[in-house]
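S.K.: Have a peek at query_18.cif (mmCIF, C-alpha atoms).
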data_start
loop_
_atom_site.group_PDB
_atom_site.id
_atom_site.type_symbol
_atom_site.label_atom_id
_atom_site.label_comp_id
_atom_site.auth_asym_id
_atom_site.auth_seq_id
_atom_site.Cartn_x
_atom_site.Cartn_y
_atom_site.Cartn_z
ATOM 1 C CA MET L 263 27.604 -9.179 -109.455
ATOM 2 C CA ALA L 264 25.383 -10.167 -106.558
ATOM 3 C CA LEU L 265 22.034 -8.418 -106.263
ATOM 4 C CA ALA L 266 22.905 -7.464 -102.671
ATOM 5 C CA GLN L 267 25.993 -5.597 -103.901
ATOM 6 C CA ASP L 268 23.914 -3.763 -106.530
ATOM 7 C CA ILE L 269 21.434 -2.800 -103.801
ATOM 8 C CA LEU L 270 24.139 -1.459 -101.472
ATOM 9 C CA THR L 271 25.687 0.555 -104.304
ATOM 10 C CA ALA L 272 22.311 1.963 -105.375
ATOM 11 C CA VAL L 273 21.304 2.905 -101.813
ATOM 12 C CA ALA L 274 24.671 4.613 -101.213
ATOM 13 C CA SER L 275 24.366 6.479 -104.495
ATOM 14 C CA LYS L 276 20.850 7.719 -103.707
ATOM 15 C CA VAL L 277 21.833 8.835 -100.195
ATOM 16 C CA ALA L 278 24.940 10.568 -101.560
ATOM 17 C CA GLY L 279 22.651 12.369 -104.011
ATOM 18 C CA LEU L 280 20.931 14.074 -101.080
ATOM 19 C CA GLY L 281 24.166 15.948 -100.422
ATOM 20 C CA ILE L 282 23.638 16.098 -96.655
ATOM 21 C CA SER L 283 26.364 18.099 -94.965
ATOM 22 C CA LEU L 284 27.665 19.141 -91.581
ATOM 23 C CA ASP L 285 30.898 21.136 -91.685
ATOM 24 C CA GLY L 286 31.198 19.958 -95.290
ATOM 25 C CA PRO L 287 29.505 17.147 -97.215
ATOM 26 C CA LEU L 288 29.260 13.758 -95.486
ATOM 27 C CA PRO L 289 30.956 10.916 -97.384
ATOM 28 C CA VAL L 290 28.708 7.907 -97.991
ATOM 29 C CA VAL L 291 30.516 4.565 -97.830
ATOM 30 C CA THR L 292 29.449 0.939 -98.153
ATOM 31 C CA ARG L 293 31.047 -1.307 -95.541
ATOM 32 C CA LYS L 294 30.813 -4.722 -93.932
ATOM 33 C CA GLY L 295 29.582 -2.966 -90.797
ATOM 34 C CA VAL L 296 29.338 0.385 -89.086
ATOM 35 C CA LYS L 297 32.484 1.619 -87.402
ATOM 36 C CA LYS L 298 34.519 4.707 -86.689
ATOM 37 C CA GLU L 299 38.280 4.410 -86.825
ATOM 38 C CA PRO L 300 40.413 7.511 -86.418
ATOM 39 C CA VAL L 301 42.089 8.716 -89.641
ATOM 40 C CA VAL L 302 40.608 5.853 -91.699
ATOM 41 C CA ASP L 303 37.031 7.121 -91.358
ATOM 42 C CA GLN L 304 35.845 10.692 -91.666
ATOM 43 C CA GLY L 305 34.572 12.434 -88.536
ATOM 44 C CA ASN L 306 31.102 12.675 -90.061
ATOM 45 C CA GLN L 307 30.195 9.662 -92.136
ATOM 46 C CA VAL L 308 27.230 7.794 -93.597
ATOM 47 C CA THR L 309 27.619 4.017 -93.780
ATOM 48 C CA VAL L 310 25.443 1.728 -95.880
ATOM 49 C CA CYS L 311 25.646 -1.954 -95.026
ATOM 50 C CA LEU L 312 23.767 -5.218 -95.089
ATOM 51 C CA GLU L 313 22.465 -6.006 -91.623
ATOM 52 C CA GLU L 314 23.969 -8.884 -89.673
ATOM 53 C CA GLU L 315 20.953 -11.173 -90.078
ATOM 54 C CA GLY L 316 21.714 -11.176 -93.802
ATOM 55 C CA ASP L 317 19.522 -12.084 -96.729
ATOM 56 C CA GLN L 318 16.428 -14.187 -96.055
ATOM 57 C CA VAL L 319 14.679 -16.371 -98.606
ATOM 58 C CA GLU L 320 10.879 -16.516 -98.740
ATOM 59 C CA TYR L 321 9.525 -19.367 -100.847
ATOM 60 C CA ILE L 322 6.588 -18.458 -103.073
ATOM 61 C CA ALA L 323 5.621 -21.277 -105.476
ATOM 62 C CA PHE L 324 6.863 -23.234 -108.452
ATOM 63 C CA GLY L 325 10.472 -22.670 -107.429
ATOM 64 C CA ASN L 326 10.132 -18.901 -107.280
ATOM 65 C CA VAL L 327 11.557 -17.094 -104.304
ATOM 66 C CA SER L 328 11.528 -13.630 -102.867
ATOM 67 C CA VAL L 329 14.742 -12.618 -101.135
ATOM 68 C CA LYS L 330 14.611 -10.058 -98.345
ATOM 69 C CA TYR L 331 17.661 -7.830 -97.837
ATOM 70 C CA PRO L 332 17.816 -5.827 -94.593
ATOM 71 C CA VAL L 333 19.969 -2.762 -95.327
ATOM 72 C CA SER L 334 20.870 -0.005 -92.875
ATOM 73 C CA VAL L 335 21.822 3.603 -93.498
ATOM 74 C CA THR L 336 23.716 4.837 -90.443
ATOM 75 C CA ILE L 337 24.993 8.324 -89.741
ATOM 76 C CA LEU L 338 27.821 8.687 -87.249
ATOM 77 C CA THR L 339 29.081 12.105 -86.112
ATOM 78 C CA PRO L 340 31.044 13.331 -83.088
ATOM 79 C CA ASN L 341 28.953 14.253 -80.081
ATOM 80 C CA ALA L 342 31.594 16.237 -78.149
ATOM 81 C CA ARG L 343 29.445 16.134 -75.010
ATOM 82 C CA ASP L 344 26.918 18.378 -76.712
ATOM 83 C CA TRP L 345 23.352 17.198 -76.233
ATOM 84 C CA ALA L 346 21.634 20.067 -78.049
ATOM 85 C CA SER L 347 23.476 21.206 -81.189
ATOM 86 C CA ASN L 348 22.557 19.758 -84.586
ATOM 87 C CA LEU L 349 19.296 18.232 -83.358
ATOM 88 C CA PRO L 350 17.235 20.022 -86.063
ATOM 89 C CA THR L 351 19.837 18.920 -88.653
ATOM 90 C CA TYR L 352 19.618 15.281 -87.557
ATOM 91 C CA LEU L 353 15.826 15.324 -87.655
ATOM 92 C CA GLY L 354 15.969 16.857 -91.117
ATOM 93 C CA TRP L 355 18.372 14.179 -92.395
ATOM 94 C CA ARG L 356 16.134 11.479 -91.052
ATOM 95 C CA GLN L 357 13.113 12.877 -92.826
ATOM 96 C CA GLN L 358 15.064 13.373 -96.065
ATOM 97 C CA ILE L 359 16.368 9.799 -96.101
ATOM 98 C CA ARG L 360 12.964 8.409 -95.212
ATOM 99 C CA ALA L 361 11.313 10.428 -97.975
ATOM 100 C CA LEU L 362 13.947 9.248 -100.426
ATOM 101 C CA PHE L 363 12.908 5.613 -100.088
ATOM 102 C CA GLN L 364 9.233 5.746 -99.225
ATOM 103 C CA PRO L 365 6.600 5.445 -101.975
ATOM 104 C CA PRO L 366 5.497 8.701 -103.566
ATOM 105 C CA ALA L 367 2.101 9.459 -102.043
ATOM 106 C CA LEU L 368 0.231 10.134 -105.273
ATOM 107 C CA THR L 369 1.353 7.248 -107.441
ATOM 108 C CA GLY L 370 1.862 4.642 -104.724
ATOM 109 C CA GLN L 371 4.924 3.357 -106.555
ATOM 110 C CA ASN L 372 8.200 2.472 -104.938
ATOM 111 C CA PRO L 373 11.359 4.009 -106.331
ATOM 112 C CA MET L 374 12.879 0.478 -106.652
ATOM 113 C CA LEU L 375 16.350 1.959 -106.566
ATOM 114 C CA GLY L 376 16.730 1.480 -110.305
ATOM 115 C CA VAL L 377 18.100 -2.008 -109.681
ATOM 116 C CA LEU L 378 16.863 -4.829 -111.894
ATOM 117 C CA GLY L 379 15.393 -7.605 -109.733
ATOM 118 C CA VAL L 380 14.236 -5.367 -106.873
ATOM 119 C CA TRP L 381 10.462 -5.280 -106.513
ATOM 120 C CA ASP L 382 9.828 -3.760 -103.088
ATOM 121 C CA VAL L 383 11.487 -1.163 -100.871
ATOM 122 C CA ARG L 384 10.205 -0.407 -97.369
ATOM 123 C CA VAL L 385 11.573 2.174 -94.972
ATOM 124 C CA GLU L 386 11.682 1.367 -91.266
ATOM 125 C CA PRO L 387 13.251 4.169 -89.226
ATOM 126 C CA ASP L 388 15.570 2.585 -86.673
ATOM 127 C CA THR L 389 17.500 3.897 -83.663
ATOM 128 C CA PHE L 390 17.576 7.652 -83.262
ATOM 129 C CA LEU L 391 20.616 8.866 -81.337
ATOM 130 C CA ASP L 392 21.743 5.574 -79.797
ATOM 131 C CA ARG L 393 22.212 6.430 -76.109
ATOM 132 C CA ASP L 394 25.142 4.021 -75.634
ATOM 133 C CA ALA L 395 26.938 5.663 -78.554
ATOM 134 C CA MET L 396 26.201 9.104 -77.090
ATOM 135 C CA ALA L 397 27.860 8.018 -73.855
ATOM 136 C CA GLN L 398 30.931 7.258 -75.982
ATOM 137 C CA ASN L 399 30.837 10.701 -77.593
ATOM 138 C CA TYR L 400 29.135 9.752 -80.844
ATOM 139 C CA ASP L 401 25.813 10.771 -82.331
ATOM 140 C CA LYS L 402 24.613 7.660 -84.133
ATOM 141 C CA MET L 403 21.341 7.176 -85.951
ATOM 142 C CA SER L 404 20.042 4.568 -88.372
ATOM 143 C CA ILE L 405 17.336 4.065 -90.924
ATOM 144 C CA LYS L 406 16.605 0.522 -91.968
ATOM 145 C CA LEU L 407 15.411 -0.485 -95.415
ATOM 146 C CA THR L 408 13.787 -3.805 -96.128
ATOM 147 C CA ILE L 409 14.370 -4.490 -99.794
ATOM 148 C CA ARG L 410 12.887 -7.461 -101.616
ATOM 149 C CA GLY L 411 14.349 -8.903 -104.763
ATOM 150 C CA THR L 412 13.876 -11.859 -107.048
ATOM 151 C CA SER L 413 17.220 -13.520 -106.336
ATOM 152 C CA MET P 50 61.914 20.993 -62.142
ATOM 153 C CA SER P 51 58.964 19.352 -63.872
ATOM 154 C CA LEU P 52 58.536 15.625 -64.073
ATOM 155 C CA ASN P 53 60.012 13.958 -67.172
ATOM 156 C CA LEU P 54 58.873 10.389 -67.839
ATOM 157 C CA SER P 55 60.071 10.148 -71.434
ATOM 158 C CA ASN P 56 63.016 7.863 -70.644
ATOM 159 C CA ASP P 57 61.301 5.403 -68.340
ATOM 160 C CA TRP P 58 61.937 2.626 -70.859
ATOM 161 C CA GLN P 59 65.545 2.647 -69.588
ATOM 162 C CA VAL P 60 64.511 1.017 -66.326
ATOM 163 C CA ILE P 61 62.510 -1.814 -67.947
ATOM 164 C CA ASP P 62 64.062 -5.229 -68.601
ATOM 165 C CA ASP P 63 63.407 -7.492 -71.570
ATOM 166 C CA LEU P 64 62.564 -4.901 -74.203
ATOM 167 C CA GLN P 65 61.969 -5.775 -77.831
ATOM 168 C CA THR P 66 62.101 -4.009 -81.180
ATOM 169 C CA VAL P 67 58.845 -4.182 -83.158
ATOM 170 C CA THR P 68 57.612 -2.773 -86.443
ATOM 171 C CA TYR P 69 54.585 -0.533 -86.559
ATOM 172 C CA SER P 70 52.223 -0.012 -89.523
ATOM 173 C CA ALA P 71 49.456 2.559 -89.254
ATOM 174 C CA LYS P 72 46.178 1.755 -90.974
ATOM 175 C CA VAL P 73 45.686 4.329 -93.733
ATOM 176 C CA SER P 74 42.471 3.074 -95.310
ATOM 177 C CA GLU P 75 40.584 -0.223 -95.593
ATOM 178 C CA GLY P 76 43.157 -2.928 -96.314
ATOM 179 C CA THR P 77 46.038 -0.443 -96.563
ATOM 180 C CA TYR P 78 48.838 0.042 -94.066
ATOM 181 C CA THR P 79 51.859 2.301 -94.127
ATOM 182 C CA ASN P 80 54.645 0.636 -96.034
ATOM 183 C CA PRO P 81 57.428 0.317 -95.085
ATOM 184 C CA PRO P 82 56.464 0.050 -91.420
ATOM 185 C CA ALA P 83 58.225 2.127 -88.755
ATOM 186 C CA THR P 84 60.775 0.342 -86.578
ATOM 187 C CA VAL P 85 60.112 0.999 -82.909
ATOM 188 C CA PRO P 86 62.791 -0.090 -80.420
ATOM 189 C CA SER P 87 62.472 -0.576 -76.655
ATOM 190 C CA CYS P 88 58.911 -1.933 -76.466
ATOM 191 C CA TYR P 89 57.658 -3.852 -73.484
ATOM 192 C CA TRP P 90 55.261 -6.782 -73.927
ATOM 193 C CA GLU P 91 52.873 -7.602 -71.135
ATOM 194 C CA GLU P 92 50.193 -10.164 -70.355
ATOM 195 C CA LEU P 93 46.667 -8.801 -70.236
ATOM 196 C CA THR P 94 45.307 -7.900 -66.818
ATOM 197 C CA GLU P 95 42.014 -8.780 -65.167
ATOM 198 C CA LEU P 96 40.815 -5.281 -66.047
ATOM 199 C CA ASP P 97 41.401 -5.920 -69.759
ATOM 200 C CA TYR P 98 39.327 -9.089 -69.577
ATOM 201 C CA ARG P 99 36.579 -7.342 -67.616
ATOM 202 C CA ILE P 100 36.358 -4.660 -70.315
ATOM 203 C CA ARG P 101 36.354 -7.212 -73.126
ATOM 204 C CA PRO P 102 35.626 -10.767 -71.942
ATOM 205 C CA ASP P 103 35.923 -12.083 -75.524
ATOM 206 C CA LEU P 104 39.683 -11.507 -75.303
ATOM 207 C CA LEU P 105 39.775 -14.685 -73.199
ATOM 208 C CA ALA P 106 38.794 -16.630 -76.310
ATOM 209 C CA GLN P 107 41.591 -15.396 -78.534
ATOM 210 C CA GLN P 108 45.286 -14.673 -78.605
ATOM 211 C CA ALA P 109 45.679 -11.245 -77.023
ATOM 212 C CA ARG P 110 48.542 -9.291 -75.458
ATOM 213 C CA ALA P 111 49.442 -5.776 -74.459
ATOM 214 C CA VAL P 112 52.505 -3.811 -75.484
ATOM 215 C CA HIS P 113 53.943 -0.578 -74.149
ATOM 216 C CA LEU P 114 55.438 1.832 -76.682
ATOM 217 C CA TRP P 115 57.280 4.955 -75.611
ATOM 218 C CA SER P 116 56.607 8.252 -77.410
ATOM 219 C CA ALA P 117 60.340 8.956 -77.532
ATOM 220 C CA LYS P 118 60.809 5.780 -79.577
ATOM 221 C CA LEU P 119 57.751 6.220 -81.794
ATOM 222 C CA GLY P 120 58.860 9.651 -82.933
ATOM 223 C CA PRO P 121 56.777 12.811 -83.118
ATOM 224 C CA ASN P 122 54.590 11.803 -86.077
ATOM 225 C CA LEU P 123 53.331 8.423 -84.944
ATOM 226 C CA VAL P 124 50.359 8.234 -82.566
ATOM 227 C CA PRO P 125 48.967 4.719 -82.113
ATOM 228 C CA LYS P 126 45.313 4.253 -83.031
ATOM 229 C CA LEU P 127 42.680 1.582 -83.493
ATOM 230 C CA SER P 128 43.360 -1.153 -86.094
ATOM 231 C CA ASP P 129 47.052 -0.321 -86.555
ATOM 232 C CA LYS P 130 49.374 -3.322 -86.909
ATOM 233 C CA VAL P 131 52.283 -4.271 -84.661
ATOM 234 C CA THR P 132 54.641 -6.996 -85.835
ATOM 235 C CA ASP P 133 56.606 -8.556 -82.975
ATOM 236 C CA GLY P 134 60.140 -9.912 -82.957
ATOM 237 C CA ALA P 135 58.871 -13.375 -83.979
ATOM 238 C CA GLY P 136 57.131 -11.930 -87.037
ATOM 239 C CA LEU P 137 53.572 -12.302 -85.720
ATOM 240 C CA ALA P 138 51.132 -9.564 -86.718
ATOM 241 C CA TRP P 139 48.995 -8.093 -83.914
ATOM 242 C CA TYR P 140 46.179 -5.576 -84.342
ATOM 243 C CA VAL P 141 45.395 -2.682 -82.003
ATOM 244 C CA THR P 142 41.980 -2.906 -80.334
ATOM 245 C CA ARG P 143 42.498 -0.319 -77.578
ATOM 246 C CA VAL P 144 44.923 2.526 -76.916
ATOM 247 C CA GLU P 145 45.678 3.860 -73.432
ATOM 248 C CA TYR P 146 47.569 7.095 -72.900
ATOM 249 C CA LEU P 147 49.967 6.679 -69.982
ATOM 250 C CA ASP P 148 52.759 8.614 -68.267
ATOM 251 C CA LEU P 149 51.366 12.057 -68.910
ATOM 252 C CA ASP P 150 54.003 14.542 -67.827
ATOM 253 C CA ALA P 151 54.546 18.239 -68.509
ATOM 254 C CA THR P 152 55.180 17.608 -72.210
ATOM 255 C CA GLY P 153 52.326 15.179 -72.864
ATOM 256 C CA VAL P 154 51.870 11.433 -73.300
ATOM 257 C CA GLN P 155 55.146 9.565 -72.866
ATOM 258 C CA ARG P 156 53.913 5.979 -73.145
ATOM 259 C CA TYR P 157 51.096 4.147 -74.898
ATOM 260 C CA ARG P 158 49.709 0.810 -73.780
ATOM 261 C CA LEU P 159 48.094 -1.052 -76.639
ATOM 262 C CA THR P 160 45.739 -3.998 -76.295
ATOM 263 C CA LEU P 161 46.365 -6.277 -79.257
ATOM 264 C CA THR P 162 44.764 -9.325 -80.814
ATOM 265 C CA LEU P 163 46.590 -11.724 -83.091
ATOM 266 C CA GLY P 164 45.712 -11.549 -86.773
ATOM 267 C CA ASN P 165 44.072 -14.631 -88.225
#
Just give me the structure as structure tokens.
M.R.:
Amino acid sequence: MALAQDILTAVASKVAGLGISLDGPLPVVTRKGVKKEPVVDQGNQVTVCLEEEGDQVEYIAFGNVSVKYPVSVTILTPNARDWASNLPTYLGWRQQIRALFQPPALTGQNPMLGVLGVWDVRVEPDTFLDRDAMAQNYDKMSIKLTIRGTS
Amino acid sequence: MSLNLSNDWQVIDDLQTVTYSAKVSEGTYTNPPATVPSCYWEELTELDYRIRPDLLAQQARAVHLWSAKLGPNLVPKLSDKVTDGAGLAWYVTRVEYLDLDATGVQRYRLTLTLGN
């Protein structure tokens, strides 16, 4: 199986392990992209996907390469014209997810997701409460991971 | 007497029977599809193209479905599939609720794009 698929599965599994919940646990799904379709998708949902720019190859030497995978973890919940509720919850989720993937402070080691071939994981918090999505009645927030692998 | 718009399909010419499959999960649609009679196909309007200019670059149409013909359990939604009389499969990209009378929505206008 492709390394990218292993990465998506591992990221989804780690995020699911956090057990974040809002009116019940949020399902964590891997998809081609982030979307919200009635019935098909849960009201509250976490989506893990490879970003549109896709994998990027960095050439090192002697035929070795480092491949960069931009992965996003996006949470989508209903907004219901409420611009105050759940704000502490959202901020907490963001911190939890960030902490899950950032290096432990004492050892300086990355968690590496437990995927063979991955040698670097960097967290880059992305959009917090996308204002366009809020205008369409959704609370949408993303955390981006830049993951480097050997193939 | 309150307004009743549920039978407006009777005054429309050139109606067609279509089949309707609701999307249940990724890659899965209700099977067998529901047969929906008395549907009215329409060209897209300037407003549709202003909302989504990319519709100009693909095969897109609109269809009107009446609640009375859909039945009580079928409410059109995003990504559902409509198969027209010629057997072409169209996918729902927008749902408009129209003809709201005392008993609710009596007609849906769906913006559709042709499946590839």
S.K.: Go through chain L and flag each residue having an atom no more than 9 Å from chain P; for those, report the closest pair of atoms plus their distance in Å to one decimal, using all atoms listed in the file, ordered by chain and rising number, as a Markdown table.
M.R.:
| residue | atom | partner | partner_atom | distance |
| --- | --- | --- | --- | --- |
| L:Glu299 | CA | P:Leu127 | CA | 6.2 |
| L:Pro300 | CA | P:Lys126 | CA | 6.8 |
| L:Val301 | CA | P:Val73 | CA | 7.0 |
| L:Val302 | CA | P:Ser74 | CA | 4.9 |
| L:Asp303 | CA | P:Ser74 | CA | 7.8 |
S.K.: So which residues get picked by the PyMOL selection byres ((chain L and resi 276-279) around 12) here, written as a short mmCIF file (atom, residue, chain, number, x, y, z; two decimals) with C-alpha atoms, keeping the file's coordinate frame?
M.R.:
data_model
loop_
_atom_site.label_atom_id
_atom_site.label_comp_id
_atom_site.auth_asym_id
_atom_site.auth_seq_id
_atom_site.Cartn_x
_atom_site.Cartn_y
_atom_site.Cartn_z
CA ILE L 269 21.43 -2.80 -103.80
CA LEU L 270 24.14 -1.46 -101.47
CA THR L 271 25.69 0.56 -104.30
CA ALA L 272 22.31 1.96 -105.38
CA VAL L 273 21.30 2.90 -101.81
CA ALA L 274 24.67 4.61 -101.21
CA SER L 275 24.37 6.48 -104.50
CA LEU L 280 20.93 14.07 -101.08
CA GLY L 281 24.17 15.95 -100.42
CA ILE L 282 23.64 16.10 -96.66
CA SER L 283 26.36 18.10 -94.96
CA PRO L 287 29.50 17.15 -97.22
CA LEU L 288 29.26 13.76 -95.49
CA PRO L 289 30.96 10.92 -97.38
CA VAL L 290 28.71 7.91 -97.99
CA VAL L 291 30.52 4.57 -97.83
CA THR L 292 29.45 0.94 -98.15
CA GLN L 307 30.20 9.66 -92.14
CA VAL L 308 27.23 7.79 -93.60
CA THR L 309 27.62 4.02 -93.78
CA VAL L 310 25.44 1.73 -95.88
CA SER L 334 20.87 0.00 -92.88
CA VAL L 335 21.82 3.60 -93.50
CA THR L 336 23.72 4.84 -90.44
CA ILE L 337 24.99 8.32 -89.74
CA TRP L 355 18.37 14.18 -92.40
CA ARG L 356 16.13 11.48 -91.05
CA GLN L 358 15.06 13.37 -96.06
CA ILE L 359 16.37 9.80 -96.10
CA ARG L 360 12.96 8.41 -95.21
CA ALA L 361 11.31 10.43 -97.98
CA LEU L 362 13.95 9.25 -100.43
CA PHE L 363 12.91 5.61 -100.09
CA PRO L 373 11.36 4.01 -106.33
CA MET L 374 12.88 0.48 -106.65
CA LEU L 375 16.35 1.96 -106.57
CA GLY L 376 16.73 1.48 -110.30
CA VAL L 377 18.10 -2.01 -109.68
CA ILE L 405 17.34 4.07 -90.92
#
S.K.: Show which residues sit within 8 Å of Thr132 (chain P), as a PDB file with C-alpha atoms, in the frame of the given file. Count all atoms listed in the file, and ignore same-chain residues fewer than 4 positions away.
M.R.:
ATOM      1  CA  VAL P  67      58.845  -4.182 -83.158  1.00  0.00           C
ATOM      2  CA  THR P  68      57.612  -2.773 -86.443  1.00  0.00           C
ATOM      3  CA  TYR P  69      54.585  -0.533 -86.559  1.00  0.00           C
ATOM      4  CA  GLY P 136      57.131 -11.930 -87.037  1.00  0.00           C
ATOM      5  CA  LEU P 137      53.572 -12.302 -85.720  1.00  0.00           C
ATOM      6  CA  ALA P 138      51.132  -9.564 -86.718  1.00  0.00           C
ATOM      7  CA  TRP P 139      48.995  -8.093 -83.914  1.00  0.00           C
TER       8      TRP P 139
END
S.K.: I'd like the interatomic distance between CA of Ala266 (chain L) and CA of Val319 (chain L), to a tenth of an Å.
M.R.: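 Between CA of Ala266 (chain L) and CA of Val319 (chain L) the gap is 12.8 Å.
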S.K.: Convert the output of the PyMOL selection byres ((chain P and resi 91) around 9) on the shown file into explicit residues, formatted as a VMD selection string.
M.R.: chain P and resid 89 to 90 92 to 94 110 to 113
S.K.: Written as an NGL selection string, what is the full residue list that the PyMOL selection byres ((chain L and resi 387) around 9) yields on the file shown?
M.R.: :L and (356 or 360 or 385-386 or 388-390 or 404-407)
S.K.: Find the spatial neighbours of Asp57 (chain P), counting only C-alpha atoms, within a cut-off of 9 Å - ignore same-chain residues fewer than 3 positions away - and output them as a ChimeraX atom specification.
M.R.: /P:53-54,60-61,115,155-156
S.K.: Go ahead and save the residues from that selection, with C-alpha atoms, as a PDB file, in the coordinates of the input.
M.R.:
ATOM      1  CA  ASN P  53      60.012  13.958 -67.172  1.00  0.00           C
ATOM      2  CA  LEU P  54      58.873  10.389 -67.839  1.00  0.00           C
ATOM      3  CA  VAL P  60      64.511   1.017 -66.326  1.00  0.00           C
ATOM      4  CA  ILE P  61      62.510  -1.814 -67.947  1.00  0.00           C
ATOM      5  CA  TRP P 115      57.280   4.955 -75.611  1.00  0.00           C
ATOM      6  CA  GLN P 155      55.146   9.565 -72.866  1.00  0.00           C
ATOM      7  CA  ARG P 156      53.913   5.979 -73.145  1.00  0.00           C
TER       8      ARG P 156
END
S.K.: Can you list, as a compact mmCIF listing (two decimals) with C-alpha atoms, keeping the file's coordinate frame, every protein, DNA or RNA residue that comes within 10 Å of Thr162 (chain P) when you count only C-alpha atoms, leaving out same-chain residues fewer than 3 positions away?
M.R.:
# COMPACT_ATOMS: atom_id res chain seq x y z
CA LEU P 104 39.68 -11.51 -75.30
CA GLN P 107 41.59 -15.40 -78.53
CA GLN P 108 45.29 -14.67 -78.60
CA ALA P 109 45.68 -11.24 -77.02
CA ARG P 110 48.54 -9.29 -75.46
CA ALA P 111 49.44 -5.78 -74.46
CA SER P 128 43.36 -1.15 -86.09
CA LYS P 130 49.37 -3.32 -86.91
CA VAL P 131 52.28 -4.27 -84.66
CA ALA P 138 51.13 -9.56 -86.72
CA TRP P 139 49.00 -8.09 -83.91
CA TYR P 140 46.18 -5.58 -84.34
CA VAL P 141 45.40 -2.68 -82.00
CA THR P 142 41.98 -2.91 -80.33
CA ARG P 143 42.50 -0.32 -77.58
CA LEU P 159 48.09 -1.05 -76.64
CA ASN P 165 44.07 -14.63 -88.22
